[in-house]
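**Student:** Take this structure, written in structure tokens, and hold onto it; I'll ask about it next.
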Amino acid sequence: MLRVRCLRGGSRGAEAAHYIGWRLGRVFTGWVQQSLQSTQAATASQNTCAADDKVTSPVPKDCPVCSYNEWDPLEEVIVGRAENSCVPPFSVEVKANTYEKYWGFYQKFGGQSFPKDHVKKAIAEIEEMCNILKREGVIVKRPDPIDWSVKYKTPDFESTGMYAAMPRDILLVVGNEIIEAPMAWRARFFEYRAYRRIIKDYFNSGAKWTTAPKPTMADELYDQDYPIHSVEDRHKLAAQGKFVTTEFEPCFDAADFIRAGKDIFVQRSQVTNYMGIEWMRRHLAPDYRVHIISFKDPNPMHIDATFNIIGPGLVLSNPDRPCHQIELFKKAGWTVIRPPVPLIPDDHPLWMSSKWLSMNVLMLDEKRVMVDANETSIQKMFENLGISTIKVNIRHANSLGGGFHCWTCDIRRRGTLQSYFD
């Protein structure tokens, strides 16, 4: 078994490690209770996927949800929507996750639509992407369009919404279960509403459906004085294990997790805290192993443009954000590939992400990959690996914060649960 540890400095990192260590003593009891609850739920209904099946058993054939990794043959996928996309208000957690050159943009347009012409082009790109997926034999589902400009208020905060563009951020499929992530941005508190119709359909057809504890997103969840002024500040804080999110309550974005069968890898980031990781660890144990890995990253948020697993024992590792635990993968026999430098121009707006969306690809199977039509260097890399490239232009969609992996959530892949580390 591969065991990966994340060692971080700084007082908050130490406190989080102490907290998790104290809590682990109660994990076994939690597993027993969860198993009993799963058995009772399965007995109560004959029309659901067997909740107490061991993961070594196949998911029932009539279950519409089944995905264990990032590369088995893709059969069904959710693709996000750019419609009605709004700039999130410039709150402390948004500031910590965006670069200084865009802060004026957020201050000016927070709560308003992203540039409409840009959104219009993004919508057209994603429609073409959906058409190509369908031609490749993949069933495509879409979230409902919602007016994200509506202001909402909870007892703890006020905000407007953002979008339903990135299903990978909010949904994680593990076997026959869809897990709704609690998220960490206030502007994304109600994002789940766009997906509820689809998820209810999957549930009614036999899938498991879990919603992680919804955070209050009270002020205590965020370090209100998080001291970022430059990239150098970000590097120092990340190296010290300091993030804008605290350990006040569990939070995580699904996009900070990436799957390789029985082993699931996660990073502590600006939007995923240790309590959120521990919730996932307990929820998925003992059948799945959740490993924390870390990177030299000044702004950790979502793992798939930093560390993207594309096949059994095959991973793209961002050369600008090296993995601190990479030797453990190499010792396990994995091939680590450094993708080429992205070709996207410096003047193209990337309001929420870096140029490394070029490696944020979607595997249709082990030998087919959906890749940016403009990124000829990474196309050549894949072709040298014997992987055919399906070229799609989503340059304007990139501006909203994601590549092909972000814009999708694979619901069903044809494959079985395996271990790639034992």
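How things are named: the first chain in the structure tokens is A, the next is B, and so on; residues count from 1 in each chain; ligands count from 1 in the order shown.
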May I have a table of the residues of range 392-412 of chain A lying at most 12 Å from range 183-204 of chain A, giving each one's closest pair of atoms and their distance in Å to one decimal, counting only C-alpha atoms, ordered by chain and ascending residue number, as a Markdown table?
**Tutor:**
```
| residue | atom | partner | partner_atom | distance |
| --- | --- | --- | --- | --- |
| A:Cys409 | CA | A:Tyr195 | CA | 11.3 |
| A:Ile411 | CA | A:Tyr202 | CA | 9.5 |
| A:Arg412 | CA | A:Tyr202 | CA | 11.1 |
```
**Student:** Just want the 9 Å neighbourhood of range 92-94 of chain A, counted on only C-alpha atoms, with same-chain residues fewer than 3 positions away dropped. Output as a ChimeraX atom specification.
**Tutor:** /A:88-89,97-98,106,184-186,222-226,244-245,270-271
**Student:** Using N, CA and C atoms, can you write the selected residues to a file as a CSV table (one decimal), in the first residue's frame?
**Tutor:**
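Result went into out-v8.csv, see below:
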```
chain,number,residue,atom,x,y,z
A,88,PRO,N,-17.9,36.7,-8.8
A,88,PRO,CA,-18.1,36.6,-7.4
A,88,PRO,C,-17.7,37.9,-6.6
A,89,PRO,N,-18.4,38.3,-5.6
A,89,PRO,CA,-18.0,39.4,-4.8
A,89,PRO,C,-16.6,39.3,-4.3
A,97,ASN,N,-7.6,33.5,-3.6
A,97,ASN,CA,-7.6,32.5,-4.7
A,97,ASN,C,-7.4,33.1,-6.1
A,98,THR,N,-7.2,34.4,-6.1
A,98,THR,CA,-7.0,35.1,-7.4
A,98,THR,C,-5.7,35.9,-7.3
A,106,TYR,N,-12.4,42.2,-10.0
A,106,TYR,CA,-13.3,41.7,-9.0
A,106,TYR,C,-14.0,42.8,-8.2
A,184,ALA,N,-16.3,26.1,-0.5
A,184,ALA,CA,-15.7,27.1,0.5
A,184,ALA,C,-15.9,28.5,0.1
A,185,TRP,N,-16.4,28.8,-1.1
A,185,TRP,CA,-16.7,30.2,-1.5
A,185,TRP,C,-18.1,30.5,-1.2
A,186,ARG,N,-18.4,31.6,-0.6
A,186,ARG,CA,-19.7,32.0,-0.3
A,186,ARG,C,-20.6,32.2,-1.6
A,222,TYR,N,-12.8,31.7,7.8
A,222,TYR,CA,-11.8,32.4,7.0
A,222,TYR,C,-10.9,33.2,7.9
A,223,ASP,N,-9.6,33.2,7.5
A,223,ASP,CA,-8.6,34.1,8.1
A,223,ASP,C,-8.9,35.5,7.5
A,224,GLN,N,-9.6,36.4,8.3
A,224,GLN,CA,-9.9,37.7,7.7
A,224,GLN,C,-8.7,38.6,7.5
A,225,ASP,N,-7.6,38.3,8.1
A,225,ASP,CA,-6.4,39.1,7.9
A,225,ASP,C,-5.3,38.3,7.1
A,226,TYR,N,-5.8,37.4,6.3
A,226,TYR,CA,-4.8,36.6,5.5
A,226,TYR,C,-3.9,37.5,4.7
A,244,VAL,N,-6.3,30.6,3.7
A,244,VAL,CA,-7.3,31.5,4.0
A,244,VAL,C,-8.5,30.8,4.8
A,245,THR,N,-8.7,29.5,4.5
A,245,THR,CA,-9.7,28.7,5.2
A,245,THR,C,-9.1,28.2,6.5
A,270,GLN,N,-6.6,26.3,-0.5
A,270,GLN,CA,-7.3,27.5,0.0
A,270,GLN,C,-8.8,27.1,0.2
A,271,VAL,N,-9.3,26.1,-0.5
A,271,VAL,CA,-10.7,25.8,-0.4
A,271,VAL,C,-11.0,24.4,0.3
```
**Student:** Write out as JSON, numbers by chain all residues of range 88-232 of chain A that backbone DSSP assigns to strand (DSSP E).
**Tutor:** {"A": [139, 140, 141, 152, 153, 158, 159, 171, 172, 173, 174, 177, 178, 179, 180, 208, 209, 210, 211]}
**Student:** From the options A:Val174, A:Leu362, A:Leu284, A:Ile139, which residue's atoms come nearest to Thr408 in chain A, counting only C-alpha atoms?
**Tutor:** A:Leu362
**Student:** Using only C-alpha atoms, can you tell me which of A:Phe243, A:Phe382, A:Phe252, A:Phe329 comes closest to Ile310 in chain A?
**Tutor:**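 Among the listed residues, A:Phe382 lies closest to Ile310 in chain A.
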**Student:** Among range 54-294 of chain A, which residues carry a DSSP assignment of helix (DSSP H, G or I), reported as a VMD selection string?
**Tutor:** chain A and resid 92 to 96 100 to 109 116 to 135 167 to 170 186 to 188 191 to 204 219 to 221 231 to 239 254 to 256 274 to 284
**Student:** Name all residues at most 7 Å from Arg289 in chain A (count only C-alpha atoms; drop same-chain ones fewer than 3 positions away) and give them as number ranges by chain.
**Tutor:** A: 262-264, 285
**Student:** To one decimal place, how far is CA of Val341 in chain A from CA of Arg259 in chain A in Å?
**Tutor:**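 Between CA of Val341 in chain A and CA of Arg259 in chain A the gap works out to 24.7 Å.
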**Student:** Would you list the contacts of Val371 in chain A as number ranges by chain, taking every protein, DNA or RNA residue within 7 Å and counting only C-alpha atoms, but skipping same-chain residues closer than 6 positions in sequence?
**Tutor:** A: 361, 389-392
**Student:** Could you jot down the CA of Ile394 in chain A to CA of Glu136 in chain A separation for me, Å, one decimal place?
**Tutor:**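 Rounded to one decimal, the two atoms are 17.5 Å apart.
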**Student:** Report the distance between CA of Gly313 in chain A and CA of Glu76 in chain A in Å, rounded to one decimal place.
**Tutor:** 23.6 Å
**Student:** Determine the nearest neighbour of Ile344 in chain A from the options A:Ala82, A:Leu357, A:Ile179, A:Val87, counting only C-alpha atoms.
**Tutor:** A:Leu357
**Student:** I'd like the neighbourhood of Asp365 in chain A as a PDB file with all heavy atoms, in the first residue's frame, where a residue qualifies if any of its atoms comes within 7 Å (using only C-alpha atoms), though same-chain residues fewer than 6 positions away should be ignored.
**Tutor:**
```pdb
ATOM      1  N   TRP A  71      -9.676   7.455 -16.144  1.00  0.00           N
ATOM      2  CA  TRP A  71      -9.265   7.037 -17.492  1.00  0.00           C
ATOM      3  C   TRP A  71     -10.038   5.855 -18.073  1.00  0.00           C
ATOM      4  O   TRP A  71      -9.902   5.577 -19.273  1.00  0.00           O
ATOM      5  CB  TRP A  71      -7.778   6.682 -17.481  1.00  0.00           C
ATOM      6  CG  TRP A  71      -7.478   5.511 -16.580  1.00  0.00           C
ATOM      7  CD1 TRP A  71      -7.601   4.182 -16.880  1.00  0.00           C
ATOM      8  CD2 TRP A  71      -7.017   5.565 -15.232  1.00  0.00           C
ATOM      9  NE1 TRP A  71      -7.247   3.407 -15.804  1.00  0.00           N
ATOM     10  CE2 TRP A  71      -6.880   4.235 -14.778  1.00  0.00           C
ATOM     11  CE3 TRP A  71      -6.688   6.608 -14.365  1.00  0.00           C
ATOM     12  CZ2 TRP A  71      -6.434   3.921 -13.491  1.00  0.00           C
ATOM     13  CZ3 TRP A  71      -6.253   6.287 -13.086  1.00  0.00           C
ATOM     14  CH2 TRP A  71      -6.127   4.970 -12.660  1.00  0.00           C
ATOM     15  N   ASP A  72     -10.828   5.129 -17.319  1.00  0.00           N
ATOM     16  CA  ASP A  72     -11.626   4.050 -17.914  1.00  0.00           C
ATOM     17  C   ASP A  72     -12.538   4.629 -19.004  1.00  0.00           C
ATOM     18  O   ASP A  72     -12.852   5.818 -18.988  1.00  0.00           O
ATOM     19  CB  ASP A  72     -12.457   3.347 -16.840  1.00  0.00           C
ATOM     20  CG  ASP A  72     -11.665   2.315 -16.059  1.00  0.00           C
ATOM     21  OD1 ASP A  72     -10.628   1.857 -16.579  1.00  0.00           O
ATOM     22  OD2 ASP A  72     -12.075   1.959 -14.935  1.00  0.00           O
ATOM     23  N   PRO A  73     -12.999   3.796 -19.957  1.00  0.00           N
ATOM     24  CA  PRO A  73     -13.828   4.309 -21.059  1.00  0.00           C
ATOM     25  C   PRO A  73     -15.042   5.098 -20.567  1.00  0.00           C
ATOM     26  O   PRO A  73     -15.868   4.592 -19.806  1.00  0.00           O
ATOM     27  CB  PRO A  73     -14.239   3.029 -21.796  1.00  0.00           C
ATOM     28  CG  PRO A  73     -13.119   2.074 -21.532  1.00  0.00           C
ATOM     29  CD  PRO A  73     -12.686   2.358 -20.123  1.00  0.00           C
ATOM     30  N   LEU A  74     -15.134   6.336 -21.011  1.00  0.00           N
ATOM     31  CA  LEU A  74     -16.174   7.263 -20.567  1.00  0.00           C
ATOM     32  C   LEU A  74     -17.479   6.984 -21.299  1.00  0.00           C
ATOM     33  O   LEU A  74     -17.523   6.942 -22.528  1.00  0.00           O
ATOM     34  CB  LEU A  74     -15.733   8.697 -20.821  1.00  0.00           C
ATOM     35  CG  LEU A  74     -16.665   9.814 -20.354  1.00  0.00           C
ATOM     36  CD1 LEU A  74     -16.832   9.800 -18.835  1.00  0.00           C
ATOM     37  CD2 LEU A  74     -16.128  11.174 -20.809  1.00  0.00           C
TER      38      LEU A  74
END
```
